[in-house]
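So this block is model-v3.txt, compact mmCIF, C-alpha atoms:
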# COMPACT_ATOMS: atom_id res chain seq x y z
CA MET A 21 29.36 32.57 92.69
CA GLY A 22 31.70 33.97 90.06
CA GLU A 23 32.50 36.83 92.39
CA ARG A 24 34.43 34.38 94.56
CA TYR A 25 36.65 32.64 92.01
CA TYR A 26 38.48 33.13 88.74
CA PRO A 27 37.58 31.02 85.71
CA ASN A 28 40.06 28.16 85.41
CA PRO A 29 42.28 28.94 82.37
CA TYR A 30 44.02 25.55 82.29
CA PRO A 31 43.11 22.57 80.10
CA ASP A 32 42.47 19.46 82.17
CA TYR A 33 44.83 16.48 82.19
CA ASN A 34 44.42 14.29 79.11
CA ASP A 35 47.78 13.03 77.81
CA GLY A 36 48.78 10.25 80.21
CA THR A 37 52.13 11.87 81.07
CA SER A 38 53.66 11.02 84.45
CA LEU A 39 54.68 14.04 86.52
CA THR A 40 56.80 12.07 88.99
CA ASP A 41 60.16 10.39 88.52
CA ASN A 42 58.87 7.03 89.82
CA ASP A 43 55.83 5.43 91.46
CA ASP A 44 57.26 5.03 94.96
CA GLU A 45 56.14 6.86 98.09
CA SER A 46 59.37 8.87 97.87
CA ALA A 47 58.67 10.01 94.27
CA LEU A 48 59.63 13.54 93.30
CA LEU A 49 58.29 15.76 90.57
CA ILE A 50 60.05 15.23 87.26
CA PRO A 51 63.26 17.32 87.06
CA SER A 52 61.85 19.99 84.74
CA LEU A 53 58.99 20.72 87.16
CA HIS A 54 61.14 20.26 90.24
CA THR A 55 63.51 23.02 89.13
CA VAL A 56 60.66 25.43 88.37
CA PHE A 57 59.06 24.83 91.76
CA ILE A 58 62.31 25.37 93.67
CA ASP A 59 63.00 28.59 91.75
CA HIS A 60 59.58 29.98 92.67
CA ILE A 61 59.88 28.85 96.28
CA ARG A 62 63.12 30.77 96.58
CA LEU A 63 61.64 33.83 94.90
CA LEU A 64 58.59 33.89 97.15
CA LEU A 65 60.69 33.12 100.22
CA ARG A 66 62.78 36.23 99.58
CA GLU A 67 59.58 38.28 99.47
CA LEU A 68 58.38 36.68 102.69
CA GLU A 69 61.64 37.27 104.54
CA THR A 70 61.74 40.87 103.37
CA ASN A 71 58.36 41.44 104.97
CA LEU A 72 58.63 39.34 108.14
CA MET A 73 58.78 42.45 110.29
CA SER A 74 55.19 43.20 109.30
CA LEU A 75 54.01 40.19 111.33
CA SER A 76 52.79 41.36 114.70
CA SER A 77 55.24 40.36 117.43
CA ASP A 78 52.24 39.79 119.70
CA ASN A 79 50.77 37.07 117.48
CA PHE A 80 52.63 33.84 118.16
CA THR A 81 50.13 31.38 116.67
CA ILE A 82 50.64 28.85 113.91
CA TYR A 83 47.52 30.13 112.19
CA THR A 84 48.47 33.75 111.50
CA GLY A 85 51.52 34.45 113.66
CA SER A 86 55.26 33.98 113.86
CA THR A 87 55.21 30.27 114.69
CA GLY A 88 53.52 29.54 111.38
CA ILE A 89 56.72 30.77 109.73
CA VAL A 90 58.61 28.29 111.90
CA LEU A 91 56.49 25.47 110.50
CA LEU A 92 57.33 26.63 106.98
CA TYR A 93 61.06 26.70 107.74
CA LEU A 94 60.87 23.19 109.18
CA LYS A 95 59.24 22.09 105.93
CA LEU A 96 61.95 23.71 103.80
CA TYR A 97 64.58 22.06 106.01
CA GLU A 98 63.37 18.69 104.65
CA LEU A 99 63.94 19.62 100.99
CA ASN A 100 67.16 18.45 99.40
CA ALA A 101 67.40 21.76 97.56
CA PHE A 102 67.94 23.49 100.93
CA GLU A 103 70.49 20.98 102.20
CA ASN A 104 73.32 23.53 102.28
CA GLU A 105 71.17 26.06 104.13
CA ARG A 106 69.93 23.90 106.98
CA GLN A 107 72.03 25.51 109.68
CA ASP A 108 70.80 28.93 108.60
CA ILE A 109 67.22 27.67 108.62
CA LEU A 110 67.60 26.28 112.14
CA SER A 111 69.04 29.58 113.30
CA LYS A 112 65.97 31.41 111.96
CA VAL A 113 63.70 28.84 113.56
CA ASN A 114 65.43 29.25 116.90
CA GLY A 115 65.03 33.04 116.81
CA LEU A 116 61.35 32.90 115.93
CA VAL A 117 60.55 30.24 118.53
CA LYS A 118 62.40 32.19 121.22
CA GLN A 119 60.33 35.27 120.36
CA SER A 120 57.12 33.26 120.45
CA LEU A 121 57.94 31.62 123.80
CA GLU A 122 58.55 35.06 125.28
CA ASN A 123 55.16 36.22 124.05
CA ILE A 124 53.19 33.30 125.50
CA GLY A 125 53.40 34.60 129.06
CA ARG A 126 52.01 38.00 128.05
CA HIS A 127 48.81 36.50 126.65
CA SER A 128 47.19 34.68 129.53
CA LYS A 129 43.74 35.00 127.93
CA GLU A 130 44.82 33.19 124.76
CA ARG A 131 42.98 29.93 124.10
CA TYR A 132 45.60 27.27 124.77
CA SER A 133 43.89 24.05 123.83
CA ALA A 134 44.82 23.68 120.16
CA PHE A 135 47.85 23.56 117.90
CA LEU A 136 46.78 26.21 115.41
CA CYS A 137 45.63 28.97 117.73
CA GLY A 138 47.34 28.41 121.05
CA GLN A 139 50.61 28.05 122.89
CA ILE A 140 50.82 24.32 122.08
CA GLY A 141 51.89 25.17 118.53
CA VAL A 142 54.86 27.11 119.88
CA LEU A 143 55.85 24.38 122.34
CA ALA A 144 55.54 21.70 119.67
CA CYS A 145 57.66 23.66 117.19
CA LYS A 146 60.31 24.13 119.87
CA ILE A 147 60.41 20.36 120.32
CA LEU A 148 60.51 19.77 116.55
CA SER A 149 63.24 22.31 115.86
CA ASN A 150 66.24 20.12 116.79
CA HIS A 151 67.42 22.92 119.07
CA VAL A 152 66.07 21.34 122.22
CA ASN A 153 67.84 18.82 124.43
CA GLU A 154 66.12 15.84 126.00
CA LYS A 155 65.56 17.61 129.32
CA ASP A 156 63.89 20.62 127.71
CA SER A 157 61.91 18.40 125.38
CA THR A 158 60.53 16.58 128.40
CA LYS A 159 59.62 19.89 130.00
CA TYR A 160 57.66 21.11 126.98
CA LEU A 161 55.91 17.76 126.52
CA GLN A 162 54.87 17.88 130.17
CA ILE A 163 53.42 21.37 129.73
CA ILE A 164 51.35 20.09 126.80
CA ARG A 165 50.23 17.07 128.83
CA ASP A 166 49.34 19.21 131.85
CA LEU A 167 46.87 21.25 129.78
CA ALA A 168 44.67 18.16 129.49
CA PRO A 169 42.63 18.54 132.73
CA LYS A 170 41.39 21.99 131.71
CA ILE A 171 40.69 20.87 128.16
CA LEU A 172 38.77 17.83 129.37
CA SER A 173 36.78 19.51 132.13
CA SER A 174 36.00 23.02 130.89
CA ASP A 175 32.65 23.69 129.26
CA ASP A 176 34.25 26.65 127.47
CA VAL A 177 36.50 24.45 125.33
CA PRO A 178 34.89 23.53 121.97
CA ASP A 179 35.53 20.35 120.04
CA GLU A 180 36.71 21.87 116.75
CA ILE A 181 40.18 22.12 115.20
CA LEU A 182 41.27 25.75 115.46
CA PHE A 183 40.69 26.34 119.17
CA GLY A 184 39.31 23.12 120.56
CA ARG A 185 39.82 19.55 121.63
CA SER A 186 40.36 18.19 118.12
CA GLY A 187 43.23 20.64 117.72
CA TYR A 188 44.69 19.39 120.99
CA LEU A 189 44.25 15.82 119.78
CA TYR A 190 46.18 16.71 116.61
CA SER A 191 49.06 17.98 118.77
CA LEU A 192 49.24 14.72 120.73
CA LEU A 193 49.06 12.50 117.65
CA MET A 194 51.58 14.55 115.68
CA LEU A 195 54.13 14.61 118.49
CA ARG A 196 53.71 10.89 119.09
CA GLU A 197 54.38 10.37 115.38
CA LYS A 198 57.45 12.58 115.13
CA ILE A 199 59.19 12.61 118.53
CA PRO A 200 60.90 9.45 119.80
CA ASN A 201 59.99 8.51 123.38
CA SER A 202 57.19 11.09 123.54
CA ALA A 203 54.78 8.25 124.37
CA GLN A 204 56.26 8.13 127.85
CA ILE A 205 54.66 11.51 128.57
CA LEU A 206 51.87 11.73 125.99
CA ASP A 207 50.69 8.23 126.79
CA ASN A 208 47.83 6.15 125.43
CA ASN A 209 45.57 6.95 128.36
CA LEU A 210 45.93 10.68 127.72
CA ILE A 211 45.03 10.35 124.05
CA ARG A 212 42.15 8.01 124.85
CA SER A 213 40.78 10.51 127.39
CA VAL A 214 40.67 13.25 124.73
CA VAL A 215 39.03 10.96 122.17
CA GLU A 216 36.50 9.87 124.76
CA LYS A 217 35.68 13.45 125.69
CA ILE A 218 35.08 14.45 122.04
CA LEU A 219 32.81 11.45 121.57
CA GLU A 220 30.94 12.12 124.82
CA SER A 221 30.46 15.77 123.86
CA GLY A 222 29.00 14.82 120.48
CA GLN A 223 26.70 12.22 121.98
CA LEU A 224 25.48 14.60 124.67
CA THR A 225 24.54 17.24 122.10
CA SER A 226 22.90 14.60 119.92
CA ARG A 227 20.74 13.45 122.83
CA LYS A 228 19.67 17.04 123.52
CA GLU A 229 18.41 17.40 119.95
CA LYS A 230 14.77 16.50 119.44
CA ASN A 231 15.58 15.30 115.93
CA PRO A 232 19.28 14.39 115.98
CA ILE A 233 20.92 14.25 112.59
CA ALA A 234 23.55 11.74 113.72
CA PRO A 235 24.94 9.93 116.78
CA LEU A 236 27.46 12.79 117.13
CA VAL A 237 26.39 16.44 116.94
CA TYR A 238 28.78 19.40 117.23
CA TYR A 239 28.30 23.15 117.31
CA TRP A 240 30.64 26.12 117.15
CA HIS A 241 29.07 29.34 118.43
CA GLU A 242 25.68 27.62 118.30
CA LYS A 243 26.07 26.76 114.63
CA GLY A 244 26.50 23.31 113.10
CA TYR A 245 29.48 23.94 110.81
CA VAL A 246 30.37 21.22 108.33
CA GLY A 247 33.87 22.16 107.17
CA ALA A 248 37.36 21.44 108.48
CA ALA A 249 38.12 24.53 110.55
CA HIS A 250 35.21 24.63 113.00
CA GLY A 251 33.00 21.74 112.02
CA TYR A 252 32.29 18.09 111.54
CA ALA A 253 34.92 17.45 108.87
CA GLY A 254 37.79 18.50 111.11
CA ILE A 255 36.49 16.78 114.23
CA LEU A 256 35.62 13.50 112.52
CA TYR A 257 38.84 13.51 110.54
CA MET A 258 40.88 13.78 113.74
CA LEU A 259 38.87 11.01 115.37
CA LEU A 260 39.70 8.80 112.39
CA GLU A 261 43.37 9.70 112.73
CA ALA A 262 43.05 8.52 116.35
CA ARG A 263 41.25 5.30 115.41
CA ASN A 264 43.80 3.18 117.28
CA TYR A 265 42.49 4.74 120.49
CA LEU A 266 38.82 3.94 119.88
CA ASP A 267 37.04 1.31 121.95
CA ASN A 268 36.43 -1.70 119.71
CA ASP A 269 34.12 -3.32 122.26
CA LYS A 270 31.85 -0.30 122.14
CA GLN A 271 32.01 -0.26 118.34
CA GLU A 272 32.71 3.49 118.46
CA LEU A 273 34.05 3.56 114.89
CA ASN A 274 31.03 1.88 113.35
CA THR A 275 28.17 3.00 115.61
CA LEU A 276 29.17 6.61 116.28
CA ILE A 277 31.71 7.91 113.77
CA LYS A 278 30.72 6.23 110.50
CA PRO A 279 26.98 7.09 110.76
CA THR A 280 27.94 10.70 111.45
CA ILE A 281 30.23 10.74 108.40
CA ASP A 282 27.36 9.34 106.36
CA SER A 283 25.13 12.19 107.56
CA ILE A 284 27.72 14.65 106.24
CA LEU A 285 27.89 12.80 102.92
CA ARG A 286 24.20 13.56 102.42
CA LEU A 287 24.98 17.28 102.52
CA GLN A 288 26.86 17.19 99.20
CA PHE A 289 25.27 19.38 96.54
CA PRO A 290 24.29 16.99 93.72
CA ASN A 291 24.84 19.53 90.94
CA THR A 292 28.33 20.67 91.87
CA GLY A 293 29.84 18.28 94.41
CA ASN A 294 30.53 20.97 96.99
CA PHE A 295 29.22 20.75 100.56
CA ARG A 296 27.18 23.05 102.76
CA SER A 297 29.18 25.34 105.01
CA SER A 298 26.76 24.62 107.87
CA MET A 299 23.84 22.29 108.46
CA ASN A 300 21.11 24.84 107.84
CA ASN A 301 22.83 26.76 105.05
CA THR A 302 21.65 25.67 101.62
CA GLU A 303 23.79 28.14 99.66
CA ASP A 304 26.51 26.64 97.49
CA ARG A 305 29.08 29.41 97.86
CA LEU A 306 32.23 28.50 99.79
CA VAL A 307 34.89 26.33 98.16
CA HIS A 308 37.51 26.63 100.90
CA TRP A 309 39.50 24.30 103.14
CA CYS A 310 37.86 25.92 106.16
CA HIS A 311 34.28 25.78 104.83
CA GLY A 312 33.59 23.53 101.86
CA SER A 313 34.70 20.45 99.99
CA PRO A 314 38.49 21.16 99.95
CA GLY A 315 38.58 20.35 103.67
CA ILE A 316 35.89 17.67 103.60
CA ILE A 317 37.79 15.72 100.93
CA HIS A 318 40.39 14.80 103.55
CA LEU A 319 37.66 13.22 105.68
CA LEU A 320 36.12 11.42 102.71
CA LEU A 321 39.39 9.87 101.57
CA LEU A 322 40.51 8.73 105.00
CA SER A 323 37.02 7.25 105.43
CA TYR A 324 37.37 5.45 102.09
CA GLU A 325 40.74 4.03 103.11
CA ILE A 326 39.41 2.81 106.47
CA PHE A 327 35.94 1.54 105.52
CA ASN A 328 36.58 0.64 101.86
CA ASP A 329 33.26 2.29 100.98
CA GLN A 330 33.24 3.41 97.34
CA SER A 331 30.67 6.14 98.04
CA TYR A 332 33.31 8.17 99.89
CA LEU A 333 35.76 8.03 97.00
CA ASP A 334 33.01 8.87 94.49
CA ALA A 335 31.99 11.89 96.57
CA ALA A 336 35.62 13.03 96.82
CA LYS A 337 36.11 12.81 93.05
CA LYS A 338 32.91 14.74 92.40
CA ALA A 339 34.02 17.43 94.84
CA ALA A 340 37.45 17.57 93.20
CA ASP A 341 35.89 18.27 89.80
CA ASP A 342 34.09 21.24 91.35
CA ILE A 343 37.29 22.50 92.99
CA TRP A 344 38.98 22.32 89.59
CA GLN A 345 36.26 24.61 88.22
CA ARG A 346 35.76 26.97 91.17
CA GLY A 347 38.88 26.64 93.30
CA LEU A 348 41.06 29.50 91.99
CA LEU A 349 39.87 31.88 94.65
CA LYS A 350 39.83 35.65 94.50
CA LYS A 351 40.64 35.72 98.22
CA GLY A 352 44.20 34.80 97.28
CA CYS A 353 46.60 31.88 97.51
CA GLY A 354 46.51 31.03 101.21
CA LEU A 355 45.71 27.76 102.94
CA CYS A 356 42.58 28.41 104.95
CA HIS A 357 40.44 30.10 102.31
CA GLY A 358 42.70 30.32 99.30
CA THR A 359 43.94 28.49 96.23
CA ALA A 360 46.86 26.73 97.96
CA GLY A 361 44.54 25.14 100.50
CA ASN A 362 42.29 23.97 97.68
CA GLY A 363 45.28 22.48 95.87
CA TYR A 364 45.88 20.12 98.77
CA ALA A 365 42.61 18.38 97.91
CA PHE A 366 44.20 17.25 94.65
CA LEU A 367 47.39 16.11 96.38
CA ARG A 368 45.31 14.05 98.78
CA LEU A 369 43.39 12.43 95.92
CA PHE A 370 46.65 11.63 94.16
CA GLN A 371 47.88 9.92 97.32
CA SER A 372 44.69 7.88 97.56
CA THR A 373 44.22 6.94 93.88
CA ASN A 374 47.68 7.32 92.28
CA ASP A 375 45.86 9.02 89.39
CA GLN A 376 48.20 11.49 87.68
CA LYS A 377 45.23 13.69 86.82
CA TYR A 378 45.05 14.89 90.40
CA LEU A 379 48.76 15.61 90.63
CA TYR A 380 48.47 17.55 87.37
CA ARG A 381 45.62 19.59 88.84
CA ALA A 382 47.61 20.25 92.01
CA CYS A 383 50.56 21.45 89.92
CA LYS A 384 48.32 23.77 87.91
CA PHE A 385 46.95 25.29 91.11
CA ALA A 386 50.56 25.63 92.24
CA GLU A 387 51.44 27.34 88.97
CA TRP A 388 48.62 29.80 89.65
CA CYS A 389 50.22 30.41 93.06
CA PHE A 390 53.55 31.32 91.47
CA GLN A 391 52.09 34.85 91.12
CA PRO A 392 50.08 35.22 94.34
CA ASN A 393 50.05 39.02 94.27
CA GLN A 394 48.36 39.04 90.87
CA HIS A 395 45.75 36.42 91.72
CA ARG A 396 43.74 38.12 94.43
CA THR A 397 41.21 40.91 94.67
CA ARG A 398 42.12 41.98 98.19
CA ILE A 399 45.02 41.72 100.62
CA ALA A 400 44.53 39.36 103.56
CA ASP A 401 44.66 40.71 107.09
CA ARG A 402 47.90 38.76 107.66
CA PRO A 403 49.28 38.52 104.11
CA TYR A 404 52.53 36.75 105.05
CA SER A 405 51.16 34.24 107.54
CA LEU A 406 50.87 30.47 107.19
CA PHE A 407 47.10 30.12 106.96
CA GLU A 408 46.12 33.42 105.36
CA GLY A 409 49.11 34.38 103.31
CA LEU A 410 52.40 33.81 101.58
CA ALA A 411 53.95 31.34 104.01
CA GLY A 412 51.12 28.91 103.32
CA THR A 413 51.53 29.37 99.57
CA ILE A 414 55.20 28.45 99.82
CA TYR A 415 54.39 25.47 102.04
CA PHE A 416 52.00 24.12 99.39
CA LEU A 417 54.63 24.53 96.64
CA ALA A 418 57.14 22.67 98.80
CA ASP A 419 54.68 19.82 99.39
CA CYS A 420 54.04 19.44 95.67
CA ILE A 421 57.69 18.51 95.11
CA GLN A 422 57.29 15.18 96.93
CA PRO A 423 53.54 14.70 96.54
CA LYS A 424 53.09 11.30 98.20
CA GLN A 425 54.62 12.76 101.37
CA ALA A 426 52.54 15.96 101.33
CA ARG A 427 50.57 16.76 104.48
CA PHE A 428 48.23 19.70 104.95
CA PRO A 429 50.05 21.56 107.76
CA ALA A 430 48.58 21.41 111.26
CA PHE A 431 45.86 19.06 110.02
CA GLN A 432 47.07 15.86 108.34
CA ILE A 433 49.19 13.61 110.55

Render the structure in this file as structure tokens.
Amino acid sequence: MGERYYPNPYPDYNDGTSLTDNDDESALLIPSLHTVFIDHIRLLLRELETNLMSLSSDNFTIYTGSTGIVLLYLKLYELNAFENERQDILSKVNGLVKQSLENIGRHSKERYSAFLCGQIGVLACKILSNHVNEKDSTKYLQIIRDLAPKILSSDDVPDEILFGRSGYLYSLLMLREKIPNSAQILDNNLIRSVVEKILESGQLTSRKEKNPIAPLVYYWHEKGYVGAAHGYAGILYMLLEARNYLDNDKQELNTLIKPTIDSILRLQFPNTGNFRSSMNNTEDRLVHWCHGSPGIIHLLLLSYEIFNDQSYLDAAKKAADDIWQRGLLKKGCGLCHGTAGNGYAFLRLFQSTNDQKYLYRACKFAEWCFQPNQHRTRIADRPYSLFEGLAGTIYFLADCIQPKQARFPAFQI
């Protein structure tokens, strides 16, 4: 296991010091930390912008392509430290989105059903960029809506986050949250139809199993993945985010979703607190957002907040202790399978518990990410992208500045 992570060199939190300037939802890091974080964001941003040309112009996705950089710029736009640069940021966003929109038409075989790895991410970022008028916004929202029949009817569309229906559901929920009047196009019936399809798909597979593990069963490439990217954690998390669209009369939350979450809880390794990467894999190796407890923690904590079941919070804390020990990954400082993505687990626990220990741990993982080129044993395939590389590192640093408002990009609503 030591081949996958660096030993954690930091002492754990033990002095009771507050790292935020107040206890409100709008709290910022204390000024001394705030300044350090902004300085490193600017330093790393210069490196990113110097190397933007290395991103393939053919890759327009949020996950590893040019639109992921757009999402980062939109995050930086929110920071007070970049207040005087907002027009410049929007200009960069507009250029990147224009490039991505031009590339969509040349990739007809691209999977279109999800935010992270399809054209929806581009369309959504165009809507979010403040460069679009109401008429164009309506047009792009209608394109996203009109993808629904294929997503709902095709047997080739999976249920997971990166390419599948849960990723499409994220797009609908996020746009409804952020864009005024979007509900007129992305209406309740549309969202309900996607939720219903994901539930039906899981029930159908469960019924086909001779010994079903839960009321809902999901596979990706014939494998029962557990983590956030392709597995149960991501699918169930998004269903919980869409809980307002569940059928209360059918008790979908309590008879389908909660028992399936409980089946995942039983897959936690008792010695470490990590989770299996897939149902039949008993190796305790991967401590990643995509496969492992850093992604599953998001499901556990939202479950705790909804069901008020202490077992979910206890499991999340146990997993967090393991991430603290094994989460400084040799793969680098990215989001999907890197240290920055693991750091979000601590931010999420801070949001749920208000325990400064978890914010301290997030800040220490961020400090590790100040030198991303030194803290890796290999270079990622897309080293400047949002989910594999430097853009994601910067996004995590930016989210640490206002920790109660932090959201794992393209995942948390």

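Among the candidate residues A:Asp282, A:Glu408, A:Glu45, A:Glu105, the one lying nearest to Tyr324 in chain A is A:Asp282, with distances computed using all atoms listed in the file.
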
Option closest in space to Ile233 in chain A, from A:Ile284, A:Val246, A:Leu206, A:Tyr188 [counting only C-alpha atoms]: A:Ile284

As a JSON list (two decimals) with C-alpha atoms, keeping the file's coordinate frame, please: the residues near Leu369 in chain A (cut-off 9 Å, all atoms listed in the file, same-chain neighbours under 5 positions excluded).
[["chain", "number", "residue", "atom", "x", "y", "z"],
["A", 317, "ILE", "CA", 37.79, 15.72, 100.93],
["A", 318, "HIS", "CA", 40.39, 14.80, 103.55],
["A", 321, "LEU", "CA", 39.39, 9.87, 101.57],
["A", 333, "LEU", "CA", 35.76, 8.03, 97.00],
["A", 336, "ALA", "CA", 35.62, 13.03, 96.82],
["A", 337, "LYS", "CA", 36.11, 12.81, 93.05],
["A", 340, "ALA", "CA", 37.45, 17.57, 93.20],
["A", 364, "TYR", "CA", 45.88, 20.12, 98.77],
["A", 374, "ASN", "CA", 47.68, 7.32, 92.28],
["A", 375, "ASP", "CA", 45.86, 9.02, 89.39],
["A", 378, "TYR", "CA", 45.05, 14.89, 90.40],
["A", 379, "LEU", "CA", 48.76, 15.61, 90.63]]

Tell me, in Å to one decimal, how far CA of Ala253 in chain A is from CA of Ile316 in chain A. 5.4 Å

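Remark: for Pro392 in chain A, the closest of the candidate residues A:Ile181, A:Ile61, A:Val56, A:Ile255 is A:Ile61 (distances computed over all atoms listed in the file).
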
Taking 5 positions as the minimum chain separation for residues in the same chain, which residues sit within 10 Å of Ile58 in chain A when counting all atoms listed in the file? Answer as a VMD selection string. chain A and resid 53 63 to 64 99 101 to 102 414 417 to 418 421

Given the choices A:His311, A:Lys338, A:Lys384, A:Arg402, which gets closest to Ala248 in chain A if the distance is worked out from all atoms listed in the file? A:His311

Pick out the closest residue to Leu195 in chain A from this set: A:Cys356, A:Val307, A:Ile147, A:Leu92. Count all atoms listed in the file.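 Closest to Leu195 in chain A of all the choices is A:Ile147.
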
Selection: 7 Å around Ile82 in chain A, all atoms listed in the file, excl. self and same-chain fewer than 3 positions, as number ranges by chain: A: 85-88, 136-137, 141, 406

Using all atoms listed in the file for the distances, tell me which of A:Ser133, A:Ser405, A:Gln422, A:Thr70 is nearest to Leu96 in chain A.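 Closest to Leu96 in chain A of all the choices is A:Gln422.
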
Go ahead and compute the interatomic distance for CA of Tyr97 in chain A and CA of Ala386 in chain A, in Å to one decimal.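 CA of Ala386 in chain A lies at a distance of 20.0 Å from CA of Tyr97 in chain A.
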